[in-house]
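**Student:** Have a peek at entry-v6.cif (mmCIF, C-alpha atoms and all ligand atoms).
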data_work
loop_
_atom_site.label_atom_id
_atom_site.label_comp_id
_atom_site.auth_asym_id
_atom_site.auth_seq_id
_atom_site.Cartn_x
_atom_site.Cartn_y
_atom_site.Cartn_z
CA MET A 7 44.99 1.63 182.07
CA GLN A 8 47.16 -1.43 181.56
CA ASN A 9 46.07 -4.01 179.06
CA ALA A 10 45.92 -7.35 180.86
CA SER A 11 46.07 -9.20 177.55
CA THR A 12 49.44 -7.82 176.40
CA ARG A 13 51.44 -10.75 175.08
CA VAL A 14 54.91 -11.18 176.56
CA PHE A 15 57.74 -12.39 174.31
CA GLY A 16 61.20 -13.33 175.57
CA HIS A 17 63.80 -11.63 173.36
CA ARG A 18 66.44 -14.09 172.08
CA GLY A 19 65.07 -16.31 174.86
CA ALA A 20 65.71 -14.41 178.06
CA LYS A 21 68.70 -12.34 176.92
CA GLY A 22 68.75 -10.34 180.15
CA TYR A 23 69.67 -13.45 182.12
CA LEU A 24 71.53 -15.95 179.92
CA ALA A 25 73.49 -15.87 176.64
CA GLU A 26 71.06 -14.90 173.88
CA ASN A 27 69.63 -17.43 171.44
CA THR A 28 70.86 -20.46 173.41
CA LEU A 29 68.70 -23.38 174.54
CA GLU A 30 69.44 -22.33 178.12
CA SER A 31 68.18 -18.79 177.48
CA ILE A 32 65.05 -20.17 175.83
CA GLU A 33 64.45 -22.54 178.72
CA LYS A 34 64.76 -19.59 181.11
CA ALA A 35 62.08 -17.73 179.15
CA LEU A 36 59.83 -20.80 179.20
CA ASN A 37 60.22 -20.90 182.98
CA PHE A 38 58.83 -17.34 183.09
CA ASN A 39 55.70 -18.67 181.34
CA VAL A 40 56.09 -16.28 178.42
CA ASP A 41 53.45 -16.16 175.70
CA GLY A 42 56.15 -16.29 173.04
CA ILE A 43 59.88 -16.41 172.37
CA GLU A 44 61.76 -14.44 169.73
CA ILE A 45 64.88 -15.88 168.09
CA ASP A 46 67.07 -15.01 165.07
CA VAL A 47 68.09 -17.43 162.33
CA HIS A 48 70.89 -17.66 159.78
CA LEU A 49 71.53 -20.25 157.08
CA CYS A 50 74.92 -21.90 157.59
CA ALA A 51 77.24 -23.24 154.88
CA SER A 52 76.02 -26.85 155.18
CA GLY A 53 72.38 -25.76 154.69
CA GLU A 54 70.91 -25.86 158.20
CA LEU A 55 69.26 -22.96 160.01
CA VAL A 56 71.11 -21.95 163.15
CA VAL A 57 69.80 -19.70 165.91
CA PHE A 58 72.16 -16.75 166.24
CA HIS A 59 71.80 -12.98 166.10
CA ASP A 60 74.96 -11.45 164.65
CA PHE A 61 76.23 -12.03 161.12
CA THR A 62 79.66 -12.69 162.64
CA LEU A 63 80.76 -15.02 165.41
CA ASP A 64 83.15 -12.67 167.19
CA ARG A 65 80.94 -11.01 169.84
CA MET A 66 79.15 -14.10 171.15
CA THR A 67 81.57 -17.03 170.62
CA ASN A 68 85.23 -18.04 170.65
CA GLY A 69 85.10 -18.13 166.82
CA THR A 70 85.57 -15.42 164.21
CA GLY A 71 84.15 -14.57 160.81
CA GLU A 72 80.76 -14.99 159.23
CA VAL A 73 78.20 -17.46 160.58
CA GLY A 74 76.97 -18.19 157.06
CA LYS A 75 80.40 -19.37 155.90
CA GLN A 76 80.70 -22.11 158.55
CA THR A 77 79.24 -25.62 158.44
CA LEU A 78 76.96 -26.80 161.22
CA LYS A 79 79.73 -29.14 162.40
CA ALA A 80 82.16 -26.23 162.76
CA LEU A 81 79.55 -24.03 164.48
CA LYS A 82 78.74 -26.80 166.94
CA GLU A 83 82.40 -26.93 167.98
CA LEU A 84 82.33 -23.27 169.05
CA ILE A 85 81.67 -22.12 172.59
CA VAL A 86 79.06 -19.42 173.07
CA ASN A 87 79.91 -16.96 175.89
CA GLY A 88 79.11 -18.68 179.19
CA GLY A 89 79.86 -22.19 177.91
CA PHE A 90 76.88 -22.81 175.63
CA GLN A 91 76.38 -24.09 172.08
CA ILE A 92 74.76 -22.56 169.02
CA PRO A 93 71.42 -24.37 168.54
CA THR A 94 69.68 -25.31 165.32
CA LEU A 95 66.11 -24.14 164.68
CA GLU A 96 64.88 -27.72 165.13
CA GLU A 97 66.55 -27.99 168.53
CA VAL A 98 64.72 -24.84 169.59
CA LEU A 99 61.40 -26.18 168.29
CA ASN A 100 61.92 -29.46 170.13
CA LEU A 101 62.67 -27.60 173.37
CA ILE A 102 59.67 -25.26 173.09
CA ASP A 103 57.43 -28.15 172.02
CA LYS A 104 54.35 -25.92 171.55
CA LYS A 105 54.55 -24.48 175.08
CA CYS A 106 54.44 -20.95 173.63
CA LEU A 107 54.51 -19.03 170.36
CA LEU A 108 57.77 -18.93 168.43
CA ASN A 109 58.72 -15.72 166.65
CA ILE A 110 61.41 -16.62 164.12
CA GLU A 111 63.23 -13.53 162.87
CA LEU A 112 64.79 -14.15 159.45
CA LYS A 113 68.04 -12.36 160.17
CA GLY A 114 70.33 -13.84 157.53
CA LYS A 115 69.83 -13.94 153.79
CA ASN A 116 68.18 -16.95 152.11
CA THR A 117 66.51 -18.08 155.32
CA ALA A 118 62.88 -18.03 154.15
CA ILE A 119 62.71 -21.28 152.14
CA LYS A 120 64.33 -23.43 154.81
CA THR A 121 62.17 -21.80 157.49
CA CYS A 122 59.06 -22.67 155.45
CA GLU A 123 60.27 -26.28 155.13
CA ILE A 124 60.88 -26.67 158.86
CA VAL A 125 57.69 -24.92 159.97
CA SER A 126 55.62 -26.97 157.50
CA ASN A 127 57.20 -30.18 158.78
CA TYR A 128 56.40 -29.33 162.40
CA VAL A 129 52.83 -28.34 161.44
CA GLN A 130 52.19 -31.48 159.37
CA ASN A 131 54.02 -34.05 161.50
CA ARG A 132 54.67 -32.72 165.00
CA GLY A 133 51.35 -31.27 166.16
CA TRP A 134 52.23 -27.59 165.78
CA ASP A 135 49.77 -25.13 164.25
CA ASP A 136 50.68 -22.36 161.80
CA THR A 137 49.40 -19.90 164.40
CA ASP A 138 52.06 -21.12 166.86
CA PHE A 139 54.52 -19.19 164.68
CA ILE A 140 55.25 -15.60 163.73
CA VAL A 141 57.93 -15.16 161.09
CA SER A 142 59.35 -11.64 161.10
CA SER A 143 62.09 -9.81 159.25
CA PHE A 144 63.51 -6.42 158.39
CA GLN A 145 64.32 -7.92 154.99
CA HIS A 146 61.40 -7.48 152.61
CA THR A 147 62.74 -10.01 150.12
CA GLU A 148 62.77 -12.78 152.76
CA LEU A 149 59.18 -11.95 153.78
CA GLU A 150 58.11 -11.91 150.14
CA THR A 151 59.64 -15.36 149.68
CA MET A 152 57.79 -16.59 152.76
CA PHE A 153 54.52 -15.24 151.37
CA GLN A 154 55.10 -16.80 147.95
CA THR A 155 56.06 -20.17 149.47
CA ASN A 156 53.46 -20.63 152.21
CA LYS A 157 50.47 -18.34 152.76
CA ASN A 158 49.47 -19.92 156.08
CA ILE A 159 52.39 -18.87 158.28
CA PRO A 160 51.73 -15.56 160.09
CA LEU A 161 54.18 -12.87 158.98
CA ALA A 162 55.32 -9.73 160.79
CA VAL A 163 57.12 -6.71 159.32
CA LEU A 164 59.97 -5.45 161.49
CA THR A 165 60.85 -1.77 161.42
CA LYS A 166 63.09 0.68 163.19
CA ALA A 167 62.24 3.40 160.63
CA SER A 168 58.50 3.93 160.10
CA VAL A 169 55.21 2.43 161.27
CA THR A 170 53.48 3.77 158.14
CA GLU A 171 55.99 2.13 155.81
CA ALA A 172 55.73 -1.15 157.73
CA VAL A 173 51.94 -1.09 157.38
CA GLU A 174 52.14 -0.33 153.66
CA PHE A 175 54.60 -3.17 153.02
CA ALA A 176 52.62 -5.54 155.29
CA LYS A 177 49.56 -5.08 153.05
CA THR A 178 51.52 -6.35 150.04
CA ILE A 179 52.33 -9.69 151.71
CA GLN A 180 49.07 -10.04 153.66
CA ALA A 181 50.96 -9.72 156.94
CA LYS A 182 48.64 -8.94 159.84
CA ILE A 183 51.35 -8.02 162.34
CA ILE A 184 53.95 -5.26 162.56
CA HIS A 185 56.98 -5.28 164.86
CA PRO A 186 58.11 -1.65 165.34
CA ASN A 187 60.88 -0.52 167.65
CA PHE A 188 59.22 1.09 170.68
CA ALA A 189 60.81 4.48 169.91
CA LEU A 190 58.56 4.78 166.84
CA LEU A 191 55.32 4.35 168.74
CA THR A 192 52.69 6.83 169.87
CA LYS A 193 49.25 6.08 171.24
CA ASP A 194 47.81 7.36 167.96
CA ASN A 195 49.92 5.32 165.54
CA VAL A 196 49.30 2.15 167.57
CA LYS A 197 45.54 2.79 167.45
CA LEU A 198 45.69 3.60 163.73
CA ALA A 199 47.60 0.41 162.88
CA GLN A 200 45.18 -1.63 164.97
CA SER A 201 42.17 0.06 163.35
CA LEU A 202 43.58 -1.06 159.99
CA GLY A 203 43.61 -4.65 161.25
CA PHE A 204 47.21 -5.02 162.38
CA GLU A 205 48.58 -6.38 165.63
CA VAL A 206 51.46 -4.38 167.06
CA ASN A 207 54.27 -6.18 168.90
CA THR A 208 57.07 -3.87 169.97
CA TRP A 209 60.74 -4.41 170.92
CA THR A 210 63.01 -4.31 172.84
CA VAL A 211 61.29 -3.01 175.95
CA ASN A 212 63.15 -3.54 179.20
CA ASP A 213 62.71 -0.62 181.60
CA ALA A 214 59.68 -0.14 183.83
CA ASP A 215 58.67 3.30 182.46
CA THR A 216 58.69 2.14 178.83
CA ILE A 217 56.90 -1.10 179.71
CA LEU A 218 54.12 0.94 181.34
CA ARG A 219 53.96 3.40 178.43
CA MET A 220 53.69 0.60 175.85
CA LYS A 221 50.90 -1.00 177.87
CA GLN A 222 49.12 2.35 178.02
CA TYR A 223 49.43 2.58 174.23
CA GLY A 224 47.63 -0.76 174.08
CA VAL A 225 50.23 -2.70 172.09
CA ASN A 226 49.36 -6.33 171.49
CA GLY A 227 52.75 -7.66 172.51
CA ILE A 228 56.02 -6.65 174.13
CA ILE A 229 59.32 -8.33 173.23
CA SER A 230 61.73 -8.04 176.17
CA ASP A 231 65.13 -9.24 177.37
CA VAL A 232 63.53 -9.43 180.83
CA PRO A 233 60.11 -10.95 180.12
CA ASP A 234 59.49 -11.57 183.81
CA LYS A 235 59.33 -7.77 184.31
CA ILE A 236 56.44 -7.20 181.84
O1 LIG B 1 62.55 -9.00 166.62
C1 LIG B 1 62.76 -7.86 167.40
C2 LIG B 1 64.21 -7.52 167.52
O2 LIG B 1 64.90 -8.66 167.89
C3 LIG B 1 64.79 -6.95 166.26
O3 LIG B 1 66.09 -6.46 166.42
O4 LIG B 1 68.55 -6.58 166.34
O5 LIG B 1 67.36 -7.46 168.31
O6 LIG B 1 67.26 -8.66 166.12
P1 LIG B 1 67.36 -7.33 166.81
CA CA B 2 65.80 -10.40 166.63
#
Could the structure of this file be written out as structure tokens, please?
**Tutor:**
Amino acid sequence: MQNASTRVFGHRGAKGYLAENTLESIEKALNFNVDGIEIDVHLCASGELVVFHDFTLDRMTNGTGEVGKQTLKALKELIVNGGFQIPTLEEVLNLIDKKCLLNIELKGKNTAIKTCEIVSNYVQNRGWDDTDFIVSSFQHTELETMFQTNKNIPLAVLTKASVTEAVEFAKTIQAKIIHPNFALLTKDNVKLAQSLGFEVNTWTVNDADTILRMKQYGVNGIISDVPDKI
């Protein structure tokens, strides 16, 4: 019943074990031999992409206020819960070094162009392939910018609202992947999306019953805080 080829993605690295979106959390996921790692990016005030989930610093660091209003220098001076540092996208790429897929979620606004620049640089100069990446977002405008800027980078449409709507939007940007929340999925809508040519990677799946159910549905990938449990 289980699909042996289900891809396993570590969510924000290995969020279940170490502070999310840190190099340490990503290293933990790599040590679980994941097929991929999901991270979130924001553009900071000095123009770099930083790997961080929330729009504000309060929950995960000793800082306050919006991530996007701080320079990289100021963000690097903050302490992430547990004694870690906020990494840049390049630091994450250098750590992963092609050992697995990287799913970059464009969380903040105006992240698409810089993401294209960095991905293109690593593809042209650092031995990565476009297919080593999946760029996902809930924000249709960011995905549209990705599509207009570089048609080679695989795109995924995130949704916590509707598989049908995600599929319809995906067609407009030639995305071949959808990333629905697991609560939206049925065996039938997974099969339908796949029959239309889409891969289905679902999030955030952590408990044993849901992991089994998603495998029985035949999803292509599972994004989990505890990727060692998939
Ligand atoms: O990319 C899947 C998942 O991470 C989307 O939701 O809020 O955890 O970024 P969130
Ligand atoms: Ca995310």
**Student:** Give the residues close to ligand LIG 1 (chain B), within 12 Å, counting all atoms listed in the file; write them as an NGL selection string.
**Tutor:** :A and (15-21 or 26-27 or 42-48 or 57-61 or 108-114 or 140-145 or 161-166 or 184-188 or 206-211 or 227-231)
**Student:** Give me, as a compact mmCIF listing (two decimals) with C-alpha atoms, in the frame of the given file, all polymer residues having an atom no more than 7 Å from Ala118 (chain A), counting all atoms listed in the file and skipping those fewer than 5 positions away in the same chain.
**Tutor:**
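Contents of the output file selection36.txt:
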# COMPACT_ATOMS: atom_id res chain seq x y z
CA LEU A 112 64.79 -14.15 159.45
CA GLU A 148 62.77 -12.78 152.76
CA THR A 151 59.64 -15.36 149.68
CA MET A 152 57.79 -16.59 152.76
**Student:** Just the number, please: distance in Å from CA of Thr94 (chain A) to CA of Glu54 (chain A), one decimal.
**Tutor:** 7.2 Å
**Student:** Between CA of Leu101 (chain A) and CA of His146 (chain A), what distance in Å does the model show, to one decimal?
**Tutor:**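 Separation between CA of Leu101 (chain A) and CA of His146 (chain A): 28.9 Å.
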**Student:** At what distance in Å, to one decimal, does CA of Asn87 (chain A) lie from CA of Ala189 (chain A)?
**Tutor:**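 Computing the Euclidean distance for CA of Ala189 (chain A) and CA of Asn87 (chain A) yields 29.3 Å.
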**Student:** For Gly88 (chain A), which of A:Asn195, A:Asn116, A:Glu30, A:Lys177 is the closest residue, counting only C-alpha atoms?
**Tutor:** A:Glu30
**Student:** Taking only C-alpha atoms into account, name the residue in A:Leu49, A:Ala176, A:Ala25, A:Ala167 that is nearest to Thr121 (chain A).
**Tutor:**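 Closest to Thr121 (chain A) of all the choices is A:Leu49.
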**Student:** Determine the nearest neighbour of Pro93 (chain A) from the options A:Val129, A:Leu107, A:Ile217, A:Leu78, counting all atoms listed in the file.
**Tutor:**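 Of the candidates, the smallest distance to Pro93 (chain A) is held by A:Leu78.
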**Student:** Go through A:Val125, A:Leu63, A:Leu81, A:Leu99 one by one, measure the shortest atom-to-atom distance of each to Leu29 (chain A) using all atoms listed in the file, and give the residue with the smallest value.
**Tutor:**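 Distance minimum relative to Leu29 (chain A) lands on A:Leu99.
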**Student:** Pick from A:Asn100, A:Asn131, A:Ser126, A:Asn212: nearest to Ile159 (chain A), with all atoms listed in the file counted?
**Tutor:**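 Between A:Asn100, A:Asn131, A:Ser126, A:Asn212, the residue approaching Ile159 (chain A) most closely is A:Ser126.
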**Student:** Take the point (82.7, -14.2, 162.1) in the file's coordinates, draw a sphere of radius 12 Å around it, and report as a PDB file with C-alpha atoms, in the coordinates of the input every protein, DNA or RNA residue with an atom inside or on it, counting only C-alpha atoms.
**Tutor:**
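After the write, selection14.pdb holds the following:
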ATOM      1  CA  CYS A  50      74.920 -21.900 157.590  1.00  0.00           C
ATOM      2  CA  PHE A  58      72.160 -16.750 166.240  1.00  0.00           C
ATOM      3  CA  HIS A  59      71.800 -12.980 166.100  1.00  0.00           C
ATOM      4  CA  ASP A  60      74.960 -11.450 164.650  1.00  0.00           C
ATOM      5  CA  PHE A  61      76.230 -12.030 161.120  1.00  0.00           C
ATOM      6  CA  THR A  62      79.660 -12.690 162.640  1.00  0.00           C
ATOM      7  CA  LEU A  63      80.760 -15.020 165.410  1.00  0.00           C
ATOM      8  CA  ASP A  64      83.150 -12.670 167.190  1.00  0.00           C
ATOM      9  CA  ARG A  65      80.940 -11.010 169.840  1.00  0.00           C
ATOM     10  CA  MET A  66      79.150 -14.100 171.150  1.00  0.00           C
ATOM     11  CA  THR A  67      81.570 -17.030 170.620  1.00  0.00           C
ATOM     12  CA  ASN A  68      85.230 -18.040 170.650  1.00  0.00           C
ATOM     13  CA  GLY A  69      85.100 -18.130 166.820  1.00  0.00           C
ATOM     14  CA  THR A  70      85.570 -15.420 164.210  1.00  0.00           C
ATOM     15  CA  GLY A  71      84.150 -14.570 160.810  1.00  0.00           C
ATOM     16  CA  GLU A  72      80.760 -14.990 159.230  1.00  0.00           C
ATOM     17  CA  VAL A  73      78.200 -17.460 160.580  1.00  0.00           C
ATOM     18  CA  GLY A  74      76.970 -18.190 157.060  1.00  0.00           C
ATOM     19  CA  LYS A  75      80.400 -19.370 155.900  1.00  0.00           C
ATOM     20  CA  GLN A  76      80.700 -22.110 158.550  1.00  0.00           C
ATOM     21  CA  LEU A  81      79.550 -24.030 164.480  1.00  0.00           C
ATOM     22  CA  LEU A  84      82.330 -23.270 169.050  1.00  0.00           C
TER      23      LEU A  84
END
**Student:** Nearest to Lys105 (chain A): which of A:Thr147, A:Asn37, A:Thr28, A:Thr77 is it, counting only C-alpha atoms?
**Tutor:**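 So, comparing all the options, the nearest one is A:Asn37.
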**Student:** Mind completing region 55-66 of chain A with all heavy atoms? Output as an mmCIF file, keeping the file's coordinate frame, please?
**Tutor:**
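Result went into selection24.cif, see below:
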data_model
loop_
_atom_site.group_PDB
_atom_site.id
_atom_site.type_symbol
_atom_site.label_atom_id
_atom_site.label_comp_id
_atom_site.auth_asym_id
_atom_site.auth_seq_id
_atom_site.Cartn_x
_atom_site.Cartn_y
_atom_site.Cartn_z
ATOM 1 N N LEU A 55 69.532 -24.250 159.369
ATOM 2 C CA LEU A 55 69.260 -22.960 160.010
ATOM 3 C C LEU A 55 69.772 -23.008 161.443
ATOM 4 O O LEU A 55 69.405 -23.908 162.214
ATOM 5 C CB LEU A 55 67.767 -22.658 160.027
ATOM 6 C CG LEU A 55 67.154 -22.215 158.709
ATOM 7 C CD1 LEU A 55 65.654 -22.018 158.880
ATOM 8 C CD2 LEU A 55 67.792 -20.932 158.184
ATOM 9 N N VAL A 56 70.609 -22.039 161.778
ATOM 10 C CA VAL A 56 71.110 -21.950 163.150
ATOM 11 C C VAL A 56 70.543 -20.700 163.813
ATOM 12 O O VAL A 56 70.216 -19.722 163.145
ATOM 13 C CB VAL A 56 72.652 -21.946 163.222
ATOM 14 C CG1 VAL A 56 73.205 -23.307 162.835
ATOM 15 C CG2 VAL A 56 73.241 -20.830 162.377
ATOM 16 N N VAL A 57 70.419 -20.775 165.134
ATOM 17 C CA VAL A 57 69.800 -19.700 165.910
ATOM 18 C C VAL A 57 70.923 -18.834 166.474
ATOM 19 O O VAL A 57 71.674 -19.256 167.360
ATOM 20 C CB VAL A 57 68.893 -20.315 167.006
ATOM 21 C CG1 VAL A 57 68.299 -19.224 167.885
ATOM 22 C CG2 VAL A 57 67.798 -21.143 166.343
ATOM 23 N N PHE A 58 71.037 -17.633 165.917
ATOM 24 C CA PHE A 58 72.160 -16.750 166.240
ATOM 25 C C PHE A 58 71.772 -15.363 165.754
ATOM 26 O O PHE A 58 71.116 -15.220 164.727
ATOM 27 C CB PHE A 58 73.422 -17.245 165.498
ATOM 28 C CG PHE A 58 74.710 -16.764 166.100
ATOM 29 C CD1 PHE A 58 75.198 -17.318 167.279
ATOM 30 C CD2 PHE A 58 75.450 -15.761 165.484
ATOM 31 C CE1 PHE A 58 76.392 -16.878 167.836
ATOM 32 C CE2 PHE A 58 76.647 -15.314 166.031
ATOM 33 C CZ PHE A 58 77.120 -15.867 167.210
ATOM 34 N N HIS A 59 72.196 -14.349 166.481
ATOM 35 C CA HIS A 59 71.800 -12.980 166.100
ATOM 36 C C HIS A 59 72.752 -12.341 165.102
ATOM 37 O O HIS A 59 72.355 -11.911 164.018
ATOM 38 C CB HIS A 59 71.677 -12.091 167.340
ATOM 39 C CG HIS A 59 71.313 -10.683 166.994
ATOM 40 N ND1 HIS A 59 72.256 -9.703 166.740
ATOM 41 C CD2 HIS A 59 70.107 -10.089 166.803
ATOM 42 C CE1 HIS A 59 71.646 -8.576 166.433
ATOM 43 N NE2 HIS A 59 70.338 -8.779 166.460
ATOM 44 N N ASP A 60 74.017 -12.226 165.464
ATOM 45 C CA ASP A 60 74.960 -11.450 164.650
ATOM 46 C C ASP A 60 75.282 -12.172 163.342
ATOM 47 O O ASP A 60 75.188 -13.397 163.262
ATOM 48 C CB ASP A 60 76.272 -11.222 165.405
ATOM 49 C CG ASP A 60 76.075 -10.413 166.689
ATOM 50 O OD1 ASP A 60 74.949 -9.983 166.981
ATOM 51 O OD2 ASP A 60 77.091 -10.237 167.406
ATOM 52 N N PHE A 61 75.734 -11.414 162.355
ATOM 53 C CA PHE A 61 76.230 -12.030 161.120
ATOM 54 C C PHE A 61 77.623 -12.629 161.330
ATOM 55 O O PHE A 61 78.063 -13.477 160.565
ATOM 56 C CB PHE A 61 76.257 -11.001 159.982
ATOM 57 C CG PHE A 61 74.884 -10.733 159.411
ATOM 58 C CD1 PHE A 61 73.952 -9.951 160.090
ATOM 59 C CD2 PHE A 61 74.500 -11.291 158.195
ATOM 60 C CE1 PHE A 61 72.680 -9.728 159.574
ATOM 61 C CE2 PHE A 61 73.234 -11.075 157.674
ATOM 62 C CZ PHE A 61 72.318 -10.289 158.364
ATOM 63 N N THR A 62 78.316 -12.168 162.355
ATOM 64 C CA THR A 62 79.660 -12.690 162.640
ATOM 65 C C THR A 62 79.703 -13.326 164.026
ATOM 66 O O THR A 62 78.896 -12.993 164.903
ATOM 67 C CB THR A 62 80.723 -11.586 162.543
ATOM 68 O OG1 THR A 62 80.356 -10.532 163.433
ATOM 69 C CG2 THR A 62 80.835 -11.043 161.127
ATOM 70 N N LEU A 63 80.686 -14.209 164.198
ATOM 71 C CA LEU A 63 80.760 -15.020 165.410
ATOM 72 C C LEU A 63 81.470 -14.328 166.558
ATOM 73 O O LEU A 63 81.390 -14.768 167.716
ATOM 74 C CB LEU A 63 81.493 -16.330 165.068
ATOM 75 C CG LEU A 63 80.727 -17.203 164.063
ATOM 76 C CD1 LEU A 63 81.668 -18.189 163.368
ATOM 77 C CD2 LEU A 63 79.600 -17.942 164.785
ATOM 78 N N ASP A 64 82.162 -13.239 166.261
ATOM 79 C CA ASP A 64 83.150 -12.670 167.190
ATOM 80 C C ASP A 64 82.583 -12.246 168.553
ATOM 81 O O ASP A 64 83.211 -12.492 169.584
ATOM 82 C CB ASP A 64 83.846 -11.473 166.534
ATOM 83 C CG ASP A 64 84.490 -11.872 165.208
ATOM 84 O OD1 ASP A 64 83.780 -12.392 164.318
ATOM 85 O OD2 ASP A 64 85.713 -11.680 165.065
ATOM 86 N N ARG A 65 81.454 -11.562 168.568
ATOM 87 C CA ARG A 65 80.940 -11.010 169.840
ATOM 88 C C ARG A 65 80.484 -12.107 170.790
ATOM 89 O O ARG A 65 80.719 -12.030 171.996
ATOM 90 C CB ARG A 65 79.762 -10.056 169.563
ATOM 91 C CG ARG A 65 79.146 -9.447 170.826
ATOM 92 C CD ARG A 65 77.993 -8.480 170.513
ATOM 93 N NE ARG A 65 76.853 -9.125 169.916
ATOM 94 C CZ ARG A 65 75.793 -9.612 170.575
ATOM 95 N NH1 ARG A 65 75.735 -9.492 171.889
ATOM 96 N NH2 ARG A 65 74.794 -10.189 169.937
ATOM 97 N N MET A 66 79.838 -13.155 170.264
ATOM 98 C CA MET A 66 79.150 -14.100 171.150
ATOM 99 C C MET A 66 79.847 -15.456 171.308
ATOM 100 O O MET A 66 79.382 -16.283 172.102
ATOM 101 C CB MET A 66 77.723 -14.351 170.633
ATOM 102 C CG MET A 66 76.740 -13.237 170.917
ATOM 103 S SD MET A 66 76.588 -12.800 172.668
ATOM 104 C CE MET A 66 75.924 -14.316 173.376
#
